file input06.cif (mmCIF, C-alpha atoms and all ligand atoms)
data_start
#
loop_
_atom_site.label_atom_id
_atom_site.label_comp_id
_atom_site.auth_asym_id
_atom_site.auth_seq_id
_atom_site.Cartn_x
_atom_site.Cartn_y
_atom_site.Cartn_z
CA MET S 29 2.07 65.09 -262.95
CA SER S 30 3.88 66.61 -259.99
CA LYS S 31 5.29 64.59 -257.14
CA GLN S 32 2.82 63.63 -254.39
CA LEU S 33 3.62 65.56 -251.21
CA ASN S 34 2.96 63.68 -247.99
CA ILE S 35 2.87 66.23 -245.24
CA GLY S 36 3.64 65.74 -241.59
CA LEU S 37 2.17 68.71 -239.75
CA PHE S 38 3.33 69.99 -236.36
CA GLY S 39 0.68 72.09 -234.64
CA PHE S 40 -3.05 72.39 -235.19
CA GLY S 41 -3.65 75.89 -233.87
CA VAL S 42 -5.00 78.90 -235.75
CA VAL S 43 -2.72 78.42 -238.77
CA GLY S 44 -2.44 74.61 -238.72
CA GLU S 45 -6.19 74.15 -238.77
CA GLY S 46 -6.49 76.80 -241.48
CA LEU S 47 -3.98 74.90 -243.60
CA TYR S 48 -5.80 71.61 -243.06
CA LYS S 49 -9.04 73.16 -244.34
CA VAL S 50 -7.36 74.90 -247.28
CA LEU S 51 -5.56 71.72 -248.40
CA GLN S 52 -8.87 69.90 -248.55
CA GLN S 53 -10.05 72.52 -251.03
CA THR S 54 -6.89 72.40 -253.16
CA PRO S 55 -6.81 68.93 -254.76
CA THR S 56 -4.66 70.10 -257.70
CA LEU S 57 -1.76 70.59 -255.31
CA ASN S 58 -1.39 66.83 -254.98
CA ALA S 59 -0.55 67.26 -251.30
CA SER S 60 -2.17 65.72 -248.26
CA ILE S 61 -1.58 65.66 -244.53
CA SER S 62 -0.63 62.18 -243.35
CA LYS S 63 -0.08 62.93 -239.67
CA VAL S 64 -0.50 65.86 -237.26
CA VAL S 65 1.55 66.06 -234.08
CA ILE S 66 -0.07 68.08 -231.30
CA LYS S 67 0.72 68.91 -227.69
CA HIS S 68 -2.76 68.75 -226.18
CA PRO S 69 -4.62 65.58 -227.27
CA GLU S 70 -7.54 66.43 -224.98
CA LYS S 71 -8.60 69.41 -227.13
CA LYS S 72 -11.49 68.94 -229.56
CA ARG S 73 -10.26 69.02 -233.18
CA SER S 74 -12.10 69.46 -236.45
CA ALA S 75 -10.33 66.52 -238.12
CA PRO S 76 -10.42 62.68 -237.72
CA ALA S 77 -8.81 61.50 -234.47
CA SER S 78 -6.68 58.97 -236.40
CA LEU S 79 -4.71 61.84 -237.91
CA PHE S 80 -3.30 62.99 -234.57
CA SER S 81 -0.37 61.92 -232.47
CA THR S 82 1.62 63.45 -229.63
CA GLU S 83 4.86 61.76 -230.69
CA ALA S 84 7.17 63.86 -232.90
CA ASN S 85 8.95 60.74 -234.17
CA ASP S 86 5.72 59.50 -235.71
CA ILE S 87 6.40 62.17 -238.32
CA LEU S 88 10.17 62.49 -238.23
CA ASN S 89 10.79 58.73 -238.62
CA ASP S 90 8.06 58.12 -241.19
CA GLU S 91 9.83 57.64 -244.50
CA SER S 92 6.66 58.15 -246.52
CA ILE S 93 6.45 61.73 -245.22
CA ASN S 94 8.50 63.97 -247.50
CA VAL S 95 7.46 67.44 -246.26
CA ILE S 96 7.39 68.69 -242.71
CA VAL S 97 5.18 71.70 -241.99
CA GLU S 98 6.02 73.24 -238.64
CA LEU S 99 3.35 75.57 -237.24
CA ILE S 100 3.85 75.55 -233.49
CA ASP S 101 4.53 78.59 -231.36
CA ASP S 102 7.25 77.15 -229.11
CA ALA S 103 10.47 78.35 -230.78
CA ASP S 104 12.72 75.86 -228.97
CA ALA S 105 10.59 72.88 -229.90
CA ALA S 106 10.37 74.26 -233.45
CA TYR S 107 14.17 74.43 -233.59
CA HIS S 108 14.38 70.75 -232.64
CA ILE S 109 11.78 69.76 -235.25
CA ILE S 110 13.29 71.82 -238.08
CA THR S 111 16.88 70.76 -237.49
CA SER S 112 15.96 67.07 -237.00
CA ALA S 113 13.90 67.09 -240.18
CA LEU S 114 16.60 68.78 -242.27
CA LYS S 115 19.20 66.32 -240.94
CA LYS S 116 16.95 63.50 -242.13
CA GLY S 117 16.87 65.10 -245.58
CA LYS S 118 13.23 66.17 -245.31
CA ASN S 119 12.11 69.52 -246.70
CA VAL S 120 10.54 71.86 -244.17
CA VAL S 121 8.02 74.69 -244.34
CA SER S 122 7.90 76.80 -241.19
CA ALA S 123 6.18 79.97 -240.00
CA ASN S 124 8.25 80.23 -236.82
CA LYS S 125 9.89 83.63 -237.18
CA LYS S 126 11.40 83.54 -233.69
CA CYS S 127 13.17 80.23 -234.28
CA ILE S 128 14.36 81.18 -237.76
CA ALA S 129 15.55 84.67 -236.83
CA ASN S 130 17.54 83.37 -233.87
CA HIS S 131 19.26 80.54 -235.77
CA LEU S 132 19.75 82.02 -239.23
CA GLU S 133 23.31 80.99 -239.95
CA GLU S 134 22.93 77.53 -238.49
CA LEU S 135 19.82 76.90 -240.59
CA LEU S 136 21.63 78.08 -243.71
CA ASP S 137 24.57 75.78 -242.99
CA LEU S 138 22.26 72.87 -242.38
CA GLN S 139 20.50 73.39 -245.69
CA ARG S 140 23.87 73.46 -247.46
CA SER S 141 25.20 70.35 -245.76
CA THR S 142 22.04 68.24 -246.08
CA GLY S 143 20.71 69.52 -249.42
CA ALA S 144 17.27 69.74 -247.80
CA THR S 145 15.16 72.88 -248.16
CA LEU S 146 13.65 75.20 -245.57
CA LEU S 147 11.00 77.67 -246.76
CA TYR S 148 9.30 80.24 -244.50
CA GLU S 149 7.32 82.81 -246.48
CA ALA S 150 4.68 82.91 -243.72
CA ALA S 151 7.30 84.00 -241.17
CA ALA S 152 7.25 87.63 -242.35
CA CYS S 153 4.13 89.59 -243.34
CA ALA S 154 2.04 86.39 -243.45
CA SER S 155 0.11 86.47 -246.74
CA ILE S 156 2.41 88.95 -248.52
CA PRO S 157 5.09 87.22 -250.65
CA VAL S 158 7.79 89.59 -249.53
CA ILE S 159 10.61 87.12 -248.79
CA ARG S 160 10.52 85.44 -252.17
CA ASN S 161 10.42 88.81 -253.93
CA LEU S 162 13.32 90.23 -251.97
CA GLU S 163 15.27 87.04 -252.57
CA GLU S 164 14.62 86.74 -256.29
CA TYR S 165 13.75 90.11 -257.74
CA TYR S 166 15.63 92.82 -255.93
CA ASP S 167 19.30 92.81 -256.66
CA ASN S 168 21.40 93.97 -253.74
CA ASP S 169 22.71 97.03 -255.53
CA LEU S 170 19.26 98.24 -256.49
CA LEU S 171 17.57 97.83 -253.16
CA GLN S 172 17.76 101.12 -251.31
CA GLY S 173 15.46 100.23 -248.46
CA VAL S 174 12.58 98.19 -247.12
CA LYS S 175 10.26 99.56 -244.52
CA GLY S 176 6.88 98.63 -243.34
CA ILE S 177 4.27 97.53 -240.90
CA ILE S 178 5.10 93.89 -240.30
CA ASN S 179 3.21 93.05 -237.13
CA GLY S 180 -0.55 92.70 -237.51
CA SER S 181 -1.48 92.74 -233.82
CA THR S 182 0.18 96.04 -232.96
CA ASN S 183 -1.24 97.60 -236.10
CA TYR S 184 -4.67 96.33 -235.09
CA ILE S 185 -4.25 97.80 -231.58
CA LEU S 186 -3.03 101.19 -232.86
CA THR S 187 -5.87 101.31 -235.38
CA ARG S 188 -8.51 100.65 -232.73
CA MET S 189 -6.89 103.19 -230.37
CA THR S 190 -6.84 105.80 -233.15
CA LYS S 191 -10.18 105.17 -234.85
CA ASP S 192 -12.38 103.95 -231.98
CA LYS S 193 -10.51 105.54 -229.06
CA LEU S 194 -10.38 102.07 -227.54
CA ASP S 195 -7.96 101.70 -224.64
CA PHE S 196 -4.83 99.60 -225.12
CA ASN S 197 -5.91 96.53 -223.14
CA HIS S 198 -9.29 96.32 -224.78
CA ALA S 199 -7.74 96.55 -228.24
CA LEU S 200 -5.18 93.87 -227.32
CA LEU S 201 -7.93 91.55 -226.12
CA GLN S 202 -9.66 91.91 -229.50
CA ALA S 203 -6.41 91.13 -231.34
CA GLN S 204 -6.05 87.99 -229.22
CA GLN S 205 -9.64 86.91 -229.77
CA LEU S 206 -9.24 87.31 -233.52
CA GLY S 207 -6.17 85.03 -233.50
CA PHE S 208 -3.66 87.69 -234.58
CA ALA S 209 -1.57 87.89 -231.42
CA GLU S 210 1.19 85.51 -230.37
CA SER S 211 0.28 83.19 -227.49
CA ASP S 212 2.62 85.42 -225.49
CA PRO S 213 1.31 88.80 -226.73
CA SER S 214 4.19 90.70 -225.15
CA LEU S 215 6.23 89.51 -228.15
CA ASP S 216 3.94 91.55 -230.40
CA ILE S 217 3.64 94.54 -228.10
CA ASN S 218 7.29 95.02 -227.24
CA GLY S 219 8.39 94.79 -230.86
CA THR S 220 10.10 91.38 -230.62
CA ASP S 221 7.91 89.76 -233.26
CA ALA S 222 8.53 92.59 -235.73
CA LEU S 223 12.22 92.44 -234.85
CA ASN S 224 12.41 88.72 -235.64
CA LYS S 225 10.69 89.34 -238.97
CA LEU S 226 13.01 92.25 -239.76
CA THR S 227 16.02 90.01 -239.06
CA ILE S 228 14.72 87.57 -241.67
CA LEU S 229 14.02 90.40 -244.14
CA LEU S 230 17.55 91.74 -243.66
CA LEU S 231 18.96 88.40 -244.75
CA HIS S 232 16.88 88.32 -247.92
CA SER S 233 17.27 92.04 -248.66
CA TYR S 234 20.97 92.52 -248.06
CA GLY S 235 22.43 89.13 -247.18
CA ILE S 236 23.00 90.34 -243.62
CA ALA S 237 22.68 87.69 -240.90
CA THR S 238 22.46 89.37 -237.53
CA GLU S 239 21.09 88.49 -234.14
CA PRO S 240 17.75 90.24 -233.54
CA LYS S 241 18.90 91.65 -230.20
CA GLU S 242 21.65 93.64 -231.93
CA LEU S 243 19.11 95.89 -233.65
CA LEU S 244 17.56 99.04 -232.20
CA HIS S 245 14.00 98.22 -231.25
CA THR S 246 11.00 98.82 -229.11
CA GLY S 247 7.28 98.26 -229.49
CA ILE S 248 4.08 100.13 -228.75
CA GLN S 249 3.98 99.44 -225.01
CA ASN S 250 4.67 103.11 -224.26
CA VAL S 251 2.52 104.74 -226.94
CA TYR S 252 -0.03 106.90 -225.11
CA SER S 253 -3.32 108.42 -226.29
CA ALA S 254 -1.59 111.79 -225.91
CA ASP S 255 0.94 110.72 -228.57
CA ILE S 256 -1.85 109.58 -230.86
CA ASN S 257 -3.51 112.98 -230.37
CA VAL S 258 -0.30 114.83 -231.24
CA ALA S 259 -0.07 112.70 -234.39
CA LYS S 260 -3.68 113.55 -235.30
CA GLU S 261 -3.07 117.27 -234.84
CA LYS S 262 -0.16 117.06 -237.27
CA GLY S 263 -2.07 114.92 -239.79
CA TRP S 264 0.00 111.82 -239.00
CA GLN S 265 -0.63 108.37 -237.56
CA VAL S 266 1.49 106.36 -235.17
CA LYS S 267 2.56 103.01 -236.65
CA LEU S 268 5.07 100.40 -235.53
CA ILE S 269 7.62 100.50 -238.33
CA ALA S 270 10.39 98.06 -239.16
CA GLY S 271 12.94 99.54 -241.49
CA ALA S 272 16.20 98.71 -243.22
CA ALA S 273 17.78 101.38 -245.37
CA LYS S 274 21.01 101.77 -247.25
CA LEU S 275 22.71 104.99 -246.17
CA LYS S 276 24.83 107.20 -248.40
CA ASN S 277 27.96 105.35 -247.28
CA GLY S 278 26.47 102.06 -248.57
CA LYS S 279 25.97 100.61 -245.11
CA VAL S 280 22.60 99.45 -243.88
CA ASN S 281 20.72 100.86 -240.93
CA ALA S 282 17.89 98.86 -239.37
CA PHE S 283 15.37 99.34 -236.56
CA VAL S 284 11.90 98.57 -235.21
CA LEU S 285 10.34 101.66 -233.64
CA PRO S 286 7.04 103.49 -233.48
CA GLN S 287 7.02 106.21 -236.12
CA PHE S 288 4.77 109.08 -237.17
CA VAL S 289 3.51 108.29 -240.66
CA PRO S 290 2.22 111.22 -242.74
CA SER S 291 -0.87 110.94 -244.96
CA SER S 292 1.35 111.12 -248.04
CA SER S 293 2.82 107.71 -247.17
CA LEU S 294 1.21 104.53 -248.48
CA LEU S 295 1.67 103.10 -244.98
CA TYR S 296 -0.78 105.67 -243.58
CA ASN S 297 -3.74 103.68 -244.87
CA VAL S 298 -2.54 100.30 -243.64
CA HIS S 299 -5.02 99.54 -240.88
CA ASP S 300 -6.11 96.71 -238.61
CA GLU S 301 -4.20 93.44 -239.04
CA PHE S 302 -2.97 94.41 -242.48
CA ASN S 303 0.75 94.68 -243.19
CA GLY S 304 2.42 96.88 -245.76
CA ALA S 305 5.97 96.89 -247.04
CA LEU S 306 7.47 99.76 -249.03
CA ILE S 307 10.43 98.85 -251.15
CA GLN S 308 12.75 101.58 -252.34
CA SER S 309 14.54 100.47 -255.45
CA GLY S 310 17.30 102.31 -257.29
CA LEU S 311 15.60 102.00 -260.65
CA ALA S 312 11.94 101.31 -259.98
CA ASP S 313 11.55 103.94 -257.26
CA GLU S 314 8.94 103.06 -254.66
CA GLN S 315 6.94 99.83 -254.69
CA PHE S 316 4.33 98.70 -252.22
CA PHE S 317 3.25 95.30 -250.95
CA TYR S 318 -0.01 95.17 -249.02
CA GLY S 319 -2.00 92.34 -247.48
CA LYS S 320 -3.14 90.58 -244.36
CA GLY S 321 -0.26 90.11 -241.97
CA ALA S 322 -1.85 87.78 -239.43
CA GLY S 323 -4.69 85.33 -238.99
CA SER S 324 -5.49 81.78 -239.91
CA PHE S 325 -6.13 81.75 -243.67
CA PRO S 326 -3.76 84.58 -244.69
CA THR S 327 -0.88 82.79 -242.95
CA ALA S 328 -2.00 79.42 -244.28
CA SER S 329 -1.96 80.88 -247.79
CA ALA S 330 1.78 81.61 -247.53
CA VAL S 331 2.42 78.14 -246.11
CA LEU S 332 0.44 76.68 -248.99
CA SER S 333 2.50 78.63 -251.49
CA ASP S 334 5.72 77.25 -249.96
CA ILE S 335 4.35 73.71 -250.09
CA SER S 336 3.48 74.28 -253.71
CA ALA S 337 6.95 75.68 -254.44
CA LEU S 338 8.53 72.51 -253.08
CA ARG S 339 6.89 70.60 -255.93
CA TYR S 340 9.26 72.24 -258.34
CA GLN S 341 12.29 72.06 -256.02
CA TYR S 342 12.28 75.78 -255.23
CA LYS S 343 14.79 76.80 -252.56
CA TYR S 344 16.24 80.08 -251.35
CA GLU S 345 19.70 80.47 -252.80
CA TYR S 346 20.76 83.18 -250.34
CA LYS S 347 22.77 84.75 -253.15
CA LYS S 348 23.29 88.01 -251.31
CA TYR S 349 24.53 86.21 -248.20
CA TYR S 350 26.97 84.01 -250.08
CA ARG S 351 28.30 86.67 -252.42
CA GLU S 352 31.81 87.87 -251.69
CA GLN S 353 31.08 91.54 -251.32
CA GLU S 354 29.06 91.65 -248.16
CA SER S 355 26.74 94.41 -246.99
CA SER S 356 27.13 95.45 -243.41
CA LEU S 357 25.08 97.13 -240.74
CA THR S 358 25.82 100.51 -239.24
CA THR S 359 24.41 102.29 -236.23
CA ASN S 360 26.33 105.46 -237.01
CA ILE S 361 23.39 107.72 -237.79
CA TYR S 362 21.53 110.60 -236.19
CA LEU S 363 17.78 110.24 -235.76
CA LYS S 364 15.16 112.93 -235.39
CA VAL S 365 12.79 111.74 -232.68
CA TYR S 366 9.76 112.83 -230.68
CA VAL S 367 9.91 111.95 -226.99
CA SER S 368 6.95 112.44 -224.66
CA PHE S 369 7.21 112.17 -220.89
CA ASN S 370 5.42 112.97 -217.64
CA ARG S 371 8.26 114.46 -215.62
CA VAL S 372 11.27 116.33 -216.98
CA GLN S 373 13.56 114.07 -214.90
CA GLN S 374 12.60 111.21 -217.22
CA LEU S 375 14.18 112.97 -220.18
CA ASN S 376 17.89 112.48 -220.78
CA LYS S 377 18.47 115.94 -222.24
CA ASP S 378 22.22 115.37 -222.55
CA GLY S 379 21.62 112.49 -224.94
CA PHE S 380 20.33 114.88 -227.60
CA GLU S 381 22.51 116.70 -230.12
CA TRP S 382 19.94 119.42 -230.07
CA ILE S 383 16.26 119.93 -229.27
CA GLU S 384 14.12 121.73 -231.84
CA GLU S 385 10.74 121.83 -230.11
CA TRP S 386 9.64 121.66 -226.48
CA HIS S 387 5.95 121.47 -225.50
CA ASN S 388 4.58 121.44 -221.98
CA GLY S 389 1.07 120.01 -221.73
CA GLN S 390 -1.31 119.52 -218.83
CA ASP S 391 -0.64 115.79 -218.51
CA ARG S 392 2.30 115.12 -220.75
CA ASN S 393 5.17 117.03 -222.32
CA TYR S 394 7.14 116.37 -225.43
CA VAL S 395 10.28 117.37 -227.25
CA ILE S 396 11.44 116.87 -230.81
CA GLY S 397 15.19 116.59 -231.19
CA VAL S 398 18.13 114.83 -232.77
CA ILE S 399 19.88 111.93 -231.09
CA HIS S 400 22.58 109.49 -232.20
CA GLN S 401 21.39 105.92 -232.68
CA GLN S 402 24.32 104.55 -230.67
CA LYS S 403 23.18 106.59 -227.67
CA LEU S 404 19.76 104.96 -227.91
CA LEU S 405 21.38 101.53 -228.07
CA ALA S 406 23.69 102.22 -225.15
CA ASP S 407 21.13 103.48 -222.65
CA ASP S 408 17.46 102.67 -222.52
CA TRP S 409 16.13 105.61 -220.49
CA TRP S 410 13.74 106.14 -223.41
CA LYS S 411 12.13 102.72 -222.83
CA GLN S 412 11.15 103.37 -219.20
CA PRO S 413 7.40 103.44 -218.41
CA GLY S 414 5.99 106.90 -218.94
CA VAL S 415 8.44 107.78 -221.72
CA SER S 416 7.46 107.38 -225.35
CA LEU S 417 9.93 107.67 -228.21
CA ILE S 418 8.51 107.94 -231.72
CA LEU S 419 10.51 108.50 -234.90
CA THR S 420 9.60 111.56 -236.94
CA PRO S 421 8.46 111.05 -240.56
CA GLU S 422 11.91 111.89 -242.00
CA PRO S 423 14.13 110.48 -239.26
CA PHE S 424 17.58 110.20 -240.83
CA VAL S 425 19.87 113.15 -240.29
CA GLU S 426 22.96 112.22 -242.26
CA ASP S 427 26.23 113.97 -241.39
CA ILE S 428 26.10 116.63 -244.03
CA GLN S 429 22.72 117.82 -242.83
CA LEU S 430 23.92 117.71 -239.26
CA ARG S 431 26.76 120.06 -239.97
CA LYS S 432 24.46 122.40 -241.85
CA VAL S 433 21.92 122.57 -239.08
CA LYS S 434 24.61 123.08 -236.45
CA GLN S 435 26.09 125.85 -238.47
CA LYS S 436 22.67 127.46 -238.84
CA SER S 437 22.04 127.36 -235.11
CA LEU S 438 25.43 128.91 -234.47
CA GLU S 439 24.57 131.60 -237.01
CA LEU S 440 21.24 132.25 -235.32
CA ALA S 441 22.96 132.46 -231.94
CA GLY S 442 25.27 135.09 -233.39
CA VAL S 443 28.40 132.96 -232.86
CA LEU S 444 29.28 132.91 -236.56
N1 LIG E 501 1.43 87.86 -234.01
C1 LIG E 501 1.79 88.04 -235.37
C2 LIG E 501 1.31 89.40 -235.84
C3 LIG E 501 1.21 86.95 -236.21
O1 LIG E 501 0.45 89.97 -235.15
O2 LIG E 501 1.77 89.91 -236.84
C4 LIG E 501 1.69 86.93 -237.63
O3 LIG E 501 3.08 86.76 -237.70
#
call {"tool": "encode", "arguments": {"input": "input06.cif", "output": "structure tokens"}}
result
Amino acid sequence: MSKQLNIGLFGFGVVGEGLYKVLQQTPTLNASISKVVIKHPEKKRSAPASLFSTEANDILNDESINVIVELIDDADAAYHIITSALKKGKNVVSANKKCIANHLEELLDLQRSTGATLLYEAAACASIPVIRNLEEYYDNDLLQGVKGIINGSTNYILTRMTKDKLDFNHALLQAQQLGFAESDPSLDINGTDALNKLTILLLHSYGIATEPKELLHTGIQNVYSADINVAKEKGWQVKLIAGAAKLKNGKVNAFVLPQFVPSSSLLYNVHDEFNGALIQSGLADEQFFYGKGAGSFPTASAVLSDISALRYQYKYEYKKYYREQESSLTTNIYLKVYVSFNRVQQLNKDGFEWIEEWHNGQDRNYVIGVIHQQKLLADDWWKQPGVSLILTPEPFVEDIQLRKVKQKSLELAGVL
């Protein structure tokens, strides 16, 4: 018989309450919640009042509690809970992507020094077991890339804007009402939530520990109906994509950006709050993970799986991070992008290597051109209100192609 898990739960919001209900229906797990610490005792709860406390130490100092489940949305408070629990030798399950992504190395060190375990499958793609698969199954040398839709709220908003022609704010309100959005929804909309998740995926994919803010990113705050219409005309859809790909030089490029997704891609049919992750493997070719990326029970299901894994002492080994030959990030790549704008003054034409298409519309205009990623990182003219930058379906222009295209344009111009 497996060890009895006595859980101390922090947070009884959308996911915490979902977990409470699910645990009651899973007696074989041999796990029960002994105490729940909450911030607002005045709120009505669907569990006995005796279970609740507002004092974190009621859990942290209780020696009978051997698992801490942290499901609060305040990343700073989560940091305090996770680190205190690990230091006390207690195993922790967390879904707090912001806290984990911003303290990766420290949390790894703490697990090493204390021997305690931190699991966080719910922190990326909610119900999809992507972290454990990247960690265990995909050897560093075989993994060519991971890309996907990893924020449910923005995917829900884009789906409603595309399918129902709903306006942005209305669609956002629905995502909030359905419990998909963060309590500060700007984290979803401006790409921060996807960025935090990508940071975690980079660690488990390539052993790269980076700070989220170092990566090229934006969200869907500047995606306009006009952009969605351009996508439709071309048989594409606009999706917020997080990607990490190994380039020909072996270095890894990573970003979170809106991208046009063609109908030939498996990501094209990922709608609503669903997430999808495409894994490009050297031997297995393309593989696809699909499932609900937000919401009470889908997220609780990943938390439950982590709790269950603790029964057999599962822990992330971070093999790729600790191995001697490290992978590293590069921003040295050219990207083919679509940029729409209201006024030509908003476009930094000099930033482009070249522009292939230029369309003037009644309300909005757009160009398609090639730009170096470092120029996008150095200057954020393309993030200003009214300007929308969307990656094209095949965005990477590696050097060899660049030279070829340049040569061709010189040929066409009669220079060569
Ligand atoms: N706000 C997040 C999302 C919740 O929409 O994906 C799940 O991490």
call {"tool": "closest_atom_pairs", "arguments": {"input": "input06.cif", "of": "chain S", "to": "ligand LIG 501 (chain E)", "cutoff": "10 Å", "atoms": "all atoms listed in the file", "output": "CSV"}}
result
residue,atom,partner,partner_atom,distance
S:Val43,CA,E:LIG501,C4,9.7
S:Ala123,CA,E:LIG501,O3,7.8
S:Asn124,CA,E:LIG501,O3,8.4
S:Lys125,CA,E:LIG501,O3,7.5
S:Lys126,CA,E:LIG501,O3,9.8
S:Ala150,CA,E:LIG501,O3,7.3
S:Ala151,CA,E:LIG501,O3,6.1
S:Ala152,CA,E:LIG501,O3,6.3
S:Cys153,CA,E:LIG501,O3,6.4
S:Ala154,CA,E:LIG501,O3,5.9
S:Ser155,CA,E:LIG501,C4,9.3
S:Ile177,CA,E:LIG501,O2,9.0
S:Ile178,CA,E:LIG501,O2,6.2
S:Asn179,CA,E:LIG501,O2,3.5
S:Gly180,CA,E:LIG501,O2,3.7
S:Ser181,CA,E:LIG501,O1,3.6
S:Thr182,CA,E:LIG501,O1,6.5
S:Asn183,CA,E:LIG501,O1,7.9
S:Tyr184,CA,E:LIG501,O1,8.2
S:Ile185,CA,E:LIG501,O1,9.8
S:Ala203,CA,E:LIG501,O1,7.9
S:Gln204,CA,E:LIG501,N1,8.9
S:Gly207,CA,E:LIG501,C3,8.1
S:Phe208,CA,E:LIG501,O1,4.7
S:Ala209,CA,E:LIG501,N1,4.0
S:Glu210,CA,E:LIG501,N1,4.3
S:Ser211,CA,E:LIG501,N1,8.1
S:Asp212,CA,E:LIG501,N1,8.9
S:Pro213,CA,E:LIG501,N1,7.3
S:Ser214,CA,E:LIG501,N1,9.7
S:Leu215,CA,E:LIG501,N1,7.8
S:Asp216,CA,E:LIG501,N1,5.7
S:Ile217,CA,E:LIG501,O1,9.0
S:Thr220,CA,E:LIG501,N1,10.0
S:Asp221,CA,E:LIG501,C1,6.7
S:Ala222,CA,E:LIG501,O2,7.4
S:Asn224,CA,E:LIG501,O3,9.8
S:Lys225,CA,E:LIG501,O3,8.1
S:Glu301,CA,E:LIG501,O1,7.0
S:Phe302,CA,E:LIG501,O2,8.6
S:Asn303,CA,E:LIG501,O2,8.0
S:Lys320,CA,E:LIG501,O2,9.0
S:Gly321,CA,E:LIG501,O2,5.5
S:Ala322,CA,E:LIG501,C4,4.1
S:Gly323,CA,E:LIG501,C4,6.7
S:Ser324,CA,E:LIG501,C4,9.1
S:Pro326,CA,E:LIG501,C4,9.2
S:Thr327,CA,E:LIG501,C4,7.2
call {"tool": "closest_residue", "arguments": {"input": "input06.cif", "among": "S:Lys260, S:Lys267, S:Lys63, S:Lys411", "to": "His299 (chain S)", "atoms": "all atoms listed in the file"}}
result
S:Lys267
call {"tool": "residues_near_point", "arguments": {"input": "input06.cif", "point": "(10.5, 70.0, -242.5)", "cutoff": "6 Å", "atoms": "all atoms listed in the file", "output": "MDAnalysis selection string"}}
result
chainID S and resid 95:97 110 113 118:121
call {"tool": "write_last_selection", "arguments": {"input": "input06.cif", "atoms": "C-alpha atoms", "output": "PDB file, in the frame of the given file"}}
result
ATOM      1  CA  VAL S  95       7.460  67.440-246.260  1.00  0.00           C
ATOM      2  CA  ILE S  96       7.390  68.690-242.710  1.00  0.00           C
ATOM      3  CA  VAL S  97       5.180  71.700-241.990  1.00  0.00           C
ATOM      4  CA  ILE S 110      13.290  71.820-238.080  1.00  0.00           C
ATOM      5  CA  ALA S 113      13.900  67.090-240.180  1.00  0.00           C
ATOM      6  CA  LYS S 118      13.230  66.170-245.310  1.00  0.00           C
ATOM      7  CA  ASN S 119      12.110  69.520-246.700  1.00  0.00           C
ATOM      8  CA  VAL S 120      10.540  71.860-244.170  1.00  0.00           C
ATOM      9  CA  VAL S 121       8.020  74.690-244.340  1.00  0.00           C
TER      10      VAL S 121
END
call {"tool": "residues_around", "arguments": {"input": "input06.cif", "residues": "Arg188 (chain S)", "least_positions_apart": "5", "cutoff": "9 Å", "atoms": "only C-alpha atoms", "output": "ChimeraX atom specification"}}
result
/S:183,193-196,199,299-300
call {"tool": "atom_distance", "arguments": {"input": "input06.cif", "atom1": "CA of Ser60 (chain S)", "atom2": "CA of Asn34 (chain S)"}}
result
5.5 Å
call {"tool": "atom_distance", "arguments": {"input": "input06.cif", "atom1": "CA of Val289 (chain S)", "atom2": "CA of Leu268 (chain S)"}}
result
9.5 Å
call {"tool": "residues_near_point", "arguments": {"input": "input06.cif", "point": "(4.5, 65.3, -227.1)", "cutoff": "9 Å", "atoms": "all atoms listed in the file", "output": "compact mmCIF listing (two decimals) with C-alpha atoms, in the frame of the given file"}}
result
# COMPACT_ATOMS: atom_id res chain seq x y z
CA VAL S 65 1.55 66.06 -234.08
CA ILE S 66 -0.07 68.08 -231.30
CA LYS S 67 0.72 68.91 -227.69
CA HIS S 68 -2.76 68.75 -226.18
CA SER S 81 -0.37 61.92 -232.47
CA THR S 82 1.62 63.45 -229.63
CA GLU S 83 4.86 61.76 -230.69
CA ALA S 84 7.17 63.86 -232.90
call {"tool": "atom_distance", "arguments": {"input": "input06.cif", "atom1": "CA of Leu229 (chain S)", "atom2": "CA of Gln202 (chain S)"}}
result
27.9 Å
call {"tool": "closest_atom_pairs", "arguments": {"input": "input06.cif", "of": "region 215-284 of chain S", "to": "region 365-387 of chain S", "cutoff": "10 Å", "atoms": "all atoms listed in the file", "output": "tab-separated table"}}
result
residue	atom	partner	partner_atom	distance
S:Asn250	CA	S:Ser368	CA	9.6
S:Val251	CA	S:Ser368	CA	9.2
S:Tyr252	CA	S:Ser368	CA	8.9
S:Ala254	CA	S:Ser368	CA	8.7
S:Asp255	CA	S:Ser368	CA	7.4
call {"tool": "closest_atom_pairs", "arguments": {"input": "input06.cif", "of": "region 259-373 of chain S", "to": "region 231-249 of chain S", "cutoff": "8 Å", "atoms": "only C-alpha atoms", "output": "tab-separated table"}}
result
residue	atom	partner	partner_atom	distance
S:Leu268	CA	S:Gly247	CA	6.8
S:Ala282	CA	S:Leu243	CA	6.6
S:Phe283	CA	S:Leu244	CA	4.9
S:Val284	CA	S:His245	CA	4.5
S:Leu285	CA	S:Thr246	CA	5.4
S:Pro286	CA	S:Ile248	CA	6.5
S:Tyr346	CA	S:His232	CA	6.9
S:Lys347	CA	S:Gly235	CA	7.4
S:Lys348	CA	S:Gly235	CA	4.4
S:Tyr349	CA	S:Gly235	CA	3.7
S:Tyr350	CA	S:Gly235	CA	7.4
S:Glu354	CA	S:Gly235	CA	7.2
S:Ser355	CA	S:Tyr234	CA	6.2
S:Ser356	CA	S:Ile236	CA	6.6
S:Leu357	CA	S:Ile236	CA	7.7
call {"tool": "residues_around", "arguments": {"input": "input06.cif", "residues": "Ser74 (chain S)", "least_positions_apart": "2", "cutoff": "12 Å", "atoms": "all atoms listed in the file", "output": "ChimeraX atom specification"}}
result
/S:40-42,44-46,48-49,71-72,76-80
